[in-house]
Amino acid sequence: NAGVTQTPKFRVLKTGQSMTLLCAQDMNHEYMYWYRQDPGMGLRLIHYSVGEGTTAKGEVPDGYNVSRLKKQNFLLGLESAAPSQTSVYFCASSSHWGGSDQPQHFGDGTRLSIL
Amino acid sequence: AQKITQTQPGMFVQEKEAVTLDCTYDTSDPSYGLFWYKQPSSGEMIFLIYQGSYDQQNATEGRYSLNFQKARKSANLVISASQLGDSAMYFCASLRDTNAGKSTFGDGTTLTVKP
């Protein structure tokens with residue numbers, strides 16, 4: 001079982017460049033999430049999606065865009081990368097059982113450095 | 001807004017002893033769930049245990065248990081018989097799939113198990 005797969009695992013960008021992080025899950029989960037984790041801190045929610053074709057802003061959405069054209073994929077885009085976006089990015093997914101909280105399953109993370 | 005507080009940046013425990021990692025939360029939701037995740041130095045996020053606000057009994061999963069005190073708004077993780085492999089960062093989180101945008105993590109506690 002692949003679970004949640006993130007690509008790429010590492011990337012170095014120059015300020016102003018753009019890129020897209022890909023998240024794919026094979027568990028047929030309705031919900032998907034993008035987080036960032038800065039050194040010594042917890043995860044902060046960037047954007048999330050509760051179903052195919054829907055996205056919403058989380059706690060720290062500025063500078064990022066997302067799309068969920070297919071249920072299994074959730075893309076995170078940086079249009080013009082800034083050094084402040086240097087972080088580890090985690091994708092997660094979870095099922096939805098009619099109001100019963102479900103654990104989020106995480107990918108292994110993408111380490112992104114902006115020079 | 002939901003807030004998760006972990007007051008212990010770092011903890012040490014002797015191998016085979018028990019350790020308690022603190023977590024307090026602040027939420028206005030009448031129904032909520034609390035999760036604990038482990039993040040080893042390799043970086044992945046591993047789900048450990050879940051406690052629902054209406055659960056009558058404290059959650060247990062093997063060597064992990066939750067000391068849930070609703071009136072104090074605390075959900076402390078207890079690890080019994082610590083092992084060297086327990087050395088990791090531990091995160092308390094409130095993940096609401098009924099309101100996915102409220103997914104909130106604490107800043108984590110680094111646990112070091114001494115031989």
# chains A, B, ... in the order shown; residues from 1 in each chain; ligands from 1
>>> closest_atom_pairs(of="segment 14-90 of chain B", to="segment 73-89 of chain A", cutoff="12 Å", atoms="only C-alpha atoms", output="JSON lines")
{"residue": "B:Gly43", "atom": "CA", "partner": "A:Val88", "partner_atom": "CA", "distance": 9.4}
{"residue": "B:Glu44", "atom": "CA", "partner": "A:Val88", "partner_atom": "CA", "distance": 11.0}
{"residue": "B:Met45", "atom": "CA", "partner": "A:Tyr89", "partner_atom": "CA", "distance": 11.8}
>>> interface_residues(of="chain A", to="chain B", cutoff="7 Å", atoms="only C-alpha atoms", output="JSON list (two decimals) with N, CA, C and O atoms, in the first residue's frame")
[["chain", "number", "residue", "atom", "x", "y", "z"],
["A", 41, "MET", "N", 8.78, 23.48, 15.14],
["A", 41, "MET", "CA", 7.37, 23.86, 15.28],
["A", 41, "MET", "C", 6.44, 22.75, 14.82],
["A", 41, "MET", "O", 6.87, 21.78, 14.19],
["A", 42, "GLY", "N", 5.19, 22.94, 15.15],
["A", 42, "GLY", "CA", 4.19, 22.01, 14.68],
["A", 42, "GLY", "C", 3.77, 22.30, 13.26],
["A", 42, "GLY", "O", 4.34, 23.17, 12.58],
["A", 43, "LEU", "N", 2.80, 21.57, 12.79],
["A", 43, "LEU", "CA", 2.30, 21.74, 11.43],
["A", 43, "LEU", "C", 1.24, 22.83, 11.38],
["A", 43, "LEU", "O", 0.38, 22.90, 12.26],
["A", 44, "ARG", "N", 1.33, 23.63, 10.35],
["A", 44, "ARG", "CA", 0.32, 24.67, 10.13],
["A", 44, "ARG", "C", -0.40, 24.40, 8.82],
["A", 44, "ARG", "O", 0.25, 24.16, 7.80],
["A", 45, "LEU", "N", -1.72, 24.49, 8.86],
["A", 45, "LEU", "CA", -2.54, 24.16, 7.71],
["A", 45, "LEU", "C", -2.50, 25.28, 6.68],
["A", 45, "LEU", "O", -2.82, 26.44, 6.98],
["A", 48, "TYR", "N", -6.87, 23.13, 2.32],
["A", 48, "TYR", "CA", -7.41, 21.80, 2.44],
["A", 48, "TYR", "C", -8.54, 21.62, 1.43],
["A", 48, "TYR", "O", -9.01, 22.60, 0.81],
["A", 58, "GLY", "N", -6.60, 27.48, 4.73],
["A", 58, "GLY", "CA", -6.33, 27.12, 6.10],
["A", 58, "GLY", "C", -5.78, 28.30, 6.87],
["A", 58, "GLY", "O", -6.16, 29.45, 6.62],
["A", 96, "HIS", "N", -14.03, 10.48, 5.77],
["A", 96, "HIS", "CA", -15.07, 11.24, 6.48],
["A", 96, "HIS", "C", -16.22, 10.31, 6.76],
["A", 96, "HIS", "O", -16.88, 9.84, 5.85],
["A", 99, "GLY", "N", -19.12, 12.79, 10.46],
["A", 99, "GLY", "CA", -18.95, 13.54, 11.70],
["A", 99, "GLY", "C", -18.05, 12.86, 12.71],
["A", 99, "GLY", "O", -17.76, 13.43, 13.75],
["A", 101, "ASP", "N", -14.50, 11.84, 13.89],
["A", 101, "ASP", "CA", -13.13, 12.24, 13.58],
["A", 101, "ASP", "C", -12.30, 11.05, 13.16],
["A", 101, "ASP", "O", -12.32, 10.00, 13.79],
["A", 102, "GLN", "N", -11.54, 11.24, 12.10],
["A", 102, "GLN", "CA", -10.65, 10.20, 11.59],
["A", 102, "GLN", "C", -9.22, 10.71, 11.58],
["A", 102, "GLN", "O", -8.99, 11.89, 11.32],
["A", 103, "PRO", "N", -8.25, 9.84, 11.84],
["A", 103, "PRO", "CA", -6.87, 10.29, 11.79],
["A", 103, "PRO", "C", -6.47, 10.68, 10.38],
["A", 103, "PRO", "O", -6.96, 10.12, 9.40],
["A", 106, "PHE", "N", -0.37, 10.77, 6.63],
["A", 106, "PHE", "CA", 0.58, 11.74, 6.08],
["A", 106, "PHE", "C", 1.53, 11.12, 5.06],
["A", 106, "PHE", "O", 1.91, 9.95, 5.17],
["A", 108, "ASP", "N", 5.45, 11.52, 3.31],
["A", 108, "ASP", "CA", 6.75, 11.61, 3.96],
["A", 108, "ASP", "C", 7.35, 13.01, 3.94],
["A", 108, "ASP", "O", 8.43, 13.23, 4.50]]
>>> select_by_dssp(residues="chain A", states="strand (DSSP E or B)", output="VMD selection string")
chain A and resid 4 to 7 10 to 13 19 to 25 31 to 37 43 to 51 54 to 57 64 to 67 73 to 78 87 to 94 97 100 105 to 106 110 to 114
>>> residues_around(residues="Cys23 of chain A", least_positions_apart="5", cutoff="9 Å", atoms="only C-alpha atoms", output="list in words")
Val4, Thr5, Gln6, Thr7, Met32, Trp34, Gln72, Asn73, Phe74, Leu75, Leu76, Phe90, Cys91, Ala92 and Gly107 of chain A
>>> residues_around(residues="Lys16 of chain B", least_positions_apart="5", cutoff="7 Å", atoms="only C-alpha atoms", output="list in words")
Ala81, Ser82 and Gln83 of chain B
>>> write_last_selection(atoms="C-alpha atoms", output="PDB file, in the first residue's frame")
ATOM      1  CA  ALA B  81       7.884   1.134  29.567  1.00  0.00           C
ATOM      2  CA  SER B  82       9.793   3.589  27.357  1.00  0.00           C
ATOM      3  CA  GLN B  83      12.012   2.172  24.637  1.00  0.00           C
TER       4      GLN B  83
END
>>> residues_around(residues="Leu77 of chain B", least_positions_apart="2", cutoff="6 Å", atoms="only C-alpha atoms", output="PDB file with all heavy atoms, in the first residue's frame")
ATOM      1  N   THR B  20       4.979  11.089  30.806  1.00  0.00           N
ATOM      2  CA  THR B  20       3.740  11.778  30.428  1.00  0.00           C
ATOM      3  C   THR B  20       4.078  13.038  29.658  1.00  0.00           C
ATOM      4  O   THR B  20       4.857  13.879  30.131  1.00  0.00           O
ATOM      5  CB  THR B  20       2.914  12.152  31.670  1.00  0.00           C
ATOM      6  OG1 THR B  20       2.543  10.951  32.361  1.00  0.00           O
ATOM      7  CG2 THR B  20       1.657  12.905  31.275  1.00  0.00           C
ATOM      8  N   LEU B  21       3.484  13.161  28.492  1.00  0.00           N
ATOM      9  CA  LEU B  21       3.649  14.360  27.663  1.00  0.00           C
ATOM     10  C   LEU B  21       2.356  15.168  27.738  1.00  0.00           C
ATOM     11  O   LEU B  21       1.279  14.636  27.488  1.00  0.00           O
ATOM     12  CB  LEU B  21       3.949  13.964  26.213  1.00  0.00           C
ATOM     13  CG  LEU B  21       5.138  13.014  26.012  1.00  0.00           C
ATOM     14  CD1 LEU B  21       5.375  12.796  24.520  1.00  0.00           C
ATOM     15  CD2 LEU B  21       6.386  13.534  26.684  1.00  0.00           C
ATOM     16  N   SER B  65      -1.334   5.530  26.230  1.00  0.00           N
ATOM     17  CA  SER B  65      -2.650   5.814  26.793  1.00  0.00           C
ATOM     18  C   SER B  65      -2.820   7.312  26.909  1.00  0.00           C
ATOM     19  O   SER B  65      -1.845   8.071  26.930  1.00  0.00           O
ATOM     20  CB  SER B  65      -2.830   5.142  28.154  1.00  0.00           C
ATOM     21  OG  SER B  65      -1.876   5.637  29.075  1.00  0.00           O
ATOM     22  N   LEU B  66      -4.076   7.714  26.940  1.00  0.00           N
ATOM     23  CA  LEU B  66      -4.401   9.130  27.033  1.00  0.00           C
ATOM     24  C   LEU B  66      -5.013   9.400  28.401  1.00  0.00           C
ATOM     25  O   LEU B  66      -5.982   8.733  28.776  1.00  0.00           O
ATOM     26  CB  LEU B  66      -5.393   9.524  25.928  1.00  0.00           C
ATOM     27  CG  LEU B  66      -4.865  10.443  24.834  1.00  0.00           C
ATOM     28  CD1 LEU B  66      -5.813  10.503  23.655  1.00  0.00           C
ATOM     29  CD2 LEU B  66      -4.691  11.837  25.410  1.00  0.00           C
TER      30      LEU B  66
END
>>> residues_around(residues="Leu13 of chain A", least_positions_apart="6", cutoff="7 Å", atoms="only C-alpha atoms", output="PyMOL selection string")
chain A and resi 113-115
>>> atom_distance(atom1="atom CA of Tyr31 of chain A", atom2="atom CA of Arg111 of chain A")
22.7 Å
>>> atom_distance(atom1="atom CA of Pro61 of chain A", atom2="atom CA of Ser49 of chain A")
12.8 Å
>>> residues_around(residues="Thr24 of chain B", least_positions_apart="3", cutoff="7 Å", atoms="only C-alpha atoms", output="VMD selection string")
chain B and resid 4 to 6 73 to 75
